[in-house]
Amino acid sequence: MTAAYIALGSNLQDPLTQLRSAVSALDKLPGSRVERTSSIYRSTPVGPVTQPDYLNAVLLLTTVLSPLRLLDALQQIEQEQGRVRGVRWGPRTLDLDILLYNDQHIDSPRLAIPHPALQQRNFVLYPLFEISDANLVLPDGAVLDTLVAACPRDDLEKTSLRFNKN
Ligand code: ROI
């Protein structure tokens, strides 16, 4: 059984509904359970494309799925929720990324874990910090609370929106 941290993001087609549907789909994956969900955050888009604000969150999933089978499952959920792969850096109905998979380091053509953007993105680090241990050590030896301390919160806003299952 693995502890996998998953990042969720959406800025199209009713982002709150997108995130909620994703949580219930993840909870229904074979041999998997959503153990913990972060608050839901509102964040300004990172990247060069003008687009709506995002809702972002992180959850902890326990699963028997291997990293690649989990990736397949996440991509299937993205598809089922209407994701179209559009412009790079563009808006998206649903983005699901594996941030961490136990303490594994994976560098394959399809999958990089820890997620390469984890260390710089406040909309990933702050929700991860909320639901994990501040002393969480990443596979490269970085400690989560040090990363959070080095990452400005800027206009990341913790909302009062709720997942059905928190
Ligand atoms: N910006 C924010 N704030 N949140 C995201 O989830 C997000 N996802 C992306 C890009 C386009 C990089 N920007 C984002 O893929």
# chains A, B, ... in the order shown; residues from 1 in each chain; ligands from 1
>>> residues_near_ligand(ligand="ligand 1", cutoff="7 Å", atoms="only C-alpha atoms and all ligand atoms", output="list in words")
Leu8, Gly9, Ser10, Ser43, Thr44, Pro45, Val46, Gly47, Asp53, Tyr54, Leu55, Asn56, Trp89, Gly90, Pro91, Asp95 and Phe123 of chain A
>>> residues_around(residues="Ser160 of chain A", least_positions_apart="5", cutoff="10 Å", atoms="only C-alpha atoms", output="PyMOL selection string")
chain A and resi 39-41
>>> write_last_selection(atoms="N, CA, C and O atoms", output="PDB file, in the first residue's frame")
ATOM      1  N   SER A  39      -7.618  22.070   2.146  1.00  0.00           N
ATOM      2  CA  SER A  39      -8.563  23.127   1.797  1.00  0.00           C
ATOM      3  C   SER A  39      -8.500  23.356   0.295  1.00  0.00           C
ATOM      4  O   SER A  39      -7.571  22.917  -0.377  1.00  0.00           O
ATOM      5  N   ILE A  40      -9.493  24.071  -0.199  1.00  0.00           N
ATOM      6  CA  ILE A  40      -9.502  24.451  -1.609  1.00  0.00           C
ATOM      7  C   ILE A  40      -8.978  25.889  -1.703  1.00  0.00           C
ATOM      8  O   ILE A  40      -9.449  26.772  -0.981  1.00  0.00           O
ATOM      9  N   TYR A  41      -7.994  26.071  -2.556  1.00  0.00           N
ATOM     10  CA  TYR A  41      -7.316  27.363  -2.690  1.00  0.00           C
ATOM     11  C   TYR A  41      -7.669  28.009  -4.017  1.00  0.00           C
ATOM     12  O   TYR A  41      -7.837  27.316  -5.027  1.00  0.00           O
TER      13      TYR A  41
END
>>> select_by_dssp(residues="segment 13-76 of chain A", states="strand (DSSP E or B)", output="MDAnalysis selection string")
chainID A and resid 32:37 41:43 54:63
>>> residues_around(residues="Pro127 of chain A", least_positions_apart="5", cutoff="7 Å", atoms="only C-alpha atoms", output="PyMOL selection string")
chain A and resi 38-39+57-58
>>> select_by_dssp(residues="segment 48-93 of chain A", states="alpha helix (DSSP H)", output="VMD selection string")
chain A and resid 67 to 80
>>> write_last_selection(atoms="N, CA and C atoms", output="PDB file, in the first residue's frame")
ATOM      1  N   PRO A  67       2.793   3.186  -9.913  1.00  0.00           N
ATOM      2  CA  PRO A  67       2.815   4.576 -10.390  1.00  0.00           C
ATOM      3  C   PRO A  67       2.215   4.731 -11.796  1.00  0.00           C
ATOM      4  N   LEU A  68       2.568   3.850 -12.716  1.00  0.00           N
ATOM      5  CA  LEU A  68       2.055   4.023 -14.084  1.00  0.00           C
ATOM      6  C   LEU A  68       0.570   3.699 -14.185  1.00  0.00           C
ATOM      7  N   ARG A  69       0.103   2.702 -13.412  1.00  0.00           N
ATOM      8  CA  ARG A  69      -1.338   2.414 -13.421  1.00  0.00           C
ATOM      9  C   ARG A  69      -2.104   3.577 -12.781  1.00  0.00           C
ATOM     10  N   LEU A  70      -1.507   4.187 -11.762  1.00  0.00           N
ATOM     11  CA  LEU A  70      -2.145   5.362 -11.156  1.00  0.00           C
ATOM     12  C   LEU A  70      -2.183   6.511 -12.157  1.00  0.00           C
ATOM     13  N   LEU A  71      -1.092   6.724 -12.874  1.00  0.00           N
ATOM     14  CA  LEU A  71      -1.073   7.774 -13.906  1.00  0.00           C
ATOM     15  C   LEU A  71      -2.153   7.516 -14.961  1.00  0.00           C
ATOM     16  N   ASP A  72      -2.259   6.260 -15.417  1.00  0.00           N
ATOM     17  CA  ASP A  72      -3.326   5.909 -16.372  1.00  0.00           C
ATOM     18  C   ASP A  72      -4.697   6.294 -15.820  1.00  0.00           C
ATOM     19  N   ALA A  73      -4.908   5.946 -14.551  1.00  0.00           N
ATOM     20  CA  ALA A  73      -6.212   6.209 -13.929  1.00  0.00           C
ATOM     21  C   ALA A  73      -6.476   7.718 -13.846  1.00  0.00           C
ATOM     22  N   LEU A  74      -5.446   8.505 -13.499  1.00  0.00           N
ATOM     23  CA  LEU A  74      -5.632   9.963 -13.406  1.00  0.00           C
ATOM     24  C   LEU A  74      -5.966  10.535 -14.789  1.00  0.00           C
ATOM     25  N   GLN A  75      -5.261  10.041 -15.803  1.00  0.00           N
ATOM     26  CA  GLN A  75      -5.514  10.578 -17.149  1.00  0.00           C
ATOM     27  C   GLN A  75      -6.906  10.188 -17.632  1.00  0.00           C
ATOM     28  N   GLN A  76      -7.353   8.996 -17.221  1.00  0.00           N
ATOM     29  CA  GLN A  76      -8.708   8.592 -17.597  1.00  0.00           C
ATOM     30  C   GLN A  76      -9.750   9.491 -16.927  1.00  0.00           C
ATOM     31  N   ILE A  77      -9.525   9.815 -15.667  1.00  0.00           N
ATOM     32  CA  ILE A  77     -10.464  10.719 -14.968  1.00  0.00           C
ATOM     33  C   ILE A  77     -10.449  12.092 -15.644  1.00  0.00           C
ATOM     34  N   GLU A  78      -9.262  12.585 -15.991  1.00  0.00           N
ATOM     35  CA  GLU A  78      -9.184  13.876 -16.707  1.00  0.00           C
ATOM     36  C   GLU A  78     -10.000  13.825 -17.999  1.00  0.00           C
ATOM     37  N   GLN A  79      -9.852  12.737 -18.739  1.00  0.00           N
ATOM     38  CA  GLN A  79     -10.601  12.596 -19.998  1.00  0.00           C
ATOM     39  C   GLN A  79     -12.097  12.552 -19.745  1.00  0.00           C
ATOM     40  N   GLU A  80     -12.486  11.737 -18.763  1.00  0.00           N
ATOM     41  CA  GLU A  80     -13.915  11.583 -18.485  1.00  0.00           C
ATOM     42  C   GLU A  80     -14.544  12.904 -18.053  1.00  0.00           C
TER      43      GLU A  80
END
>>> residues_around(residues="Asp145 of chain A", least_positions_apart="6", cutoff="12 Å", atoms="only C-alpha atoms", output="list in words")
Gln119, Leu125, Tyr126, Pro127, Leu128, Phe129, Glu130, Ser132, Asp133, Ala134, Asn135, Leu136, Val137, Leu138 and Cys151 of chain A
>>> write_last_selection(atoms="C-alpha atoms", output="short mmCIF file (atom, residue, chain, number, x, y, z; two decimals), in the first residue's frame")
data_model
loop_
_atom_site.label_atom_id
_atom_site.label_comp_id
_atom_site.auth_asym_id
_atom_site.auth_seq_id
_atom_site.Cartn_x
_atom_site.Cartn_y
_atom_site.Cartn_z
CA GLN A 119 9.25 22.93 -5.22
CA LEU A 125 3.27 23.43 -1.55
CA TYR A 126 0.79 25.15 0.78
CA PRO A 127 -2.01 22.57 0.41
CA LEU A 128 0.53 19.74 0.64
CA PHE A 129 1.90 21.26 3.83
CA GLU A 130 -1.62 21.45 5.22
CA SER A 132 1.17 16.21 5.49
CA ASP A 133 3.87 16.30 8.09
CA ALA A 134 5.95 19.50 8.17
CA ASN A 135 8.97 17.24 8.49
CA LEU A 136 8.08 15.37 5.31
CA VAL A 137 11.34 14.66 3.51
CA LEU A 138 11.23 14.55 -0.27
CA CYS A 151 8.01 29.97 -1.33
#
>>> atom_distance(atom1="atom CA of Pro139 of chain A", atom2="atom CA of Asp103 of chain A")
5.4 Å
>>> closest_residue(among="A:Ser32, A:Ser21, A:Thr159, A:Ser108", to="Ala3 of chain A", atoms="only C-alpha atoms")
A:Ser32
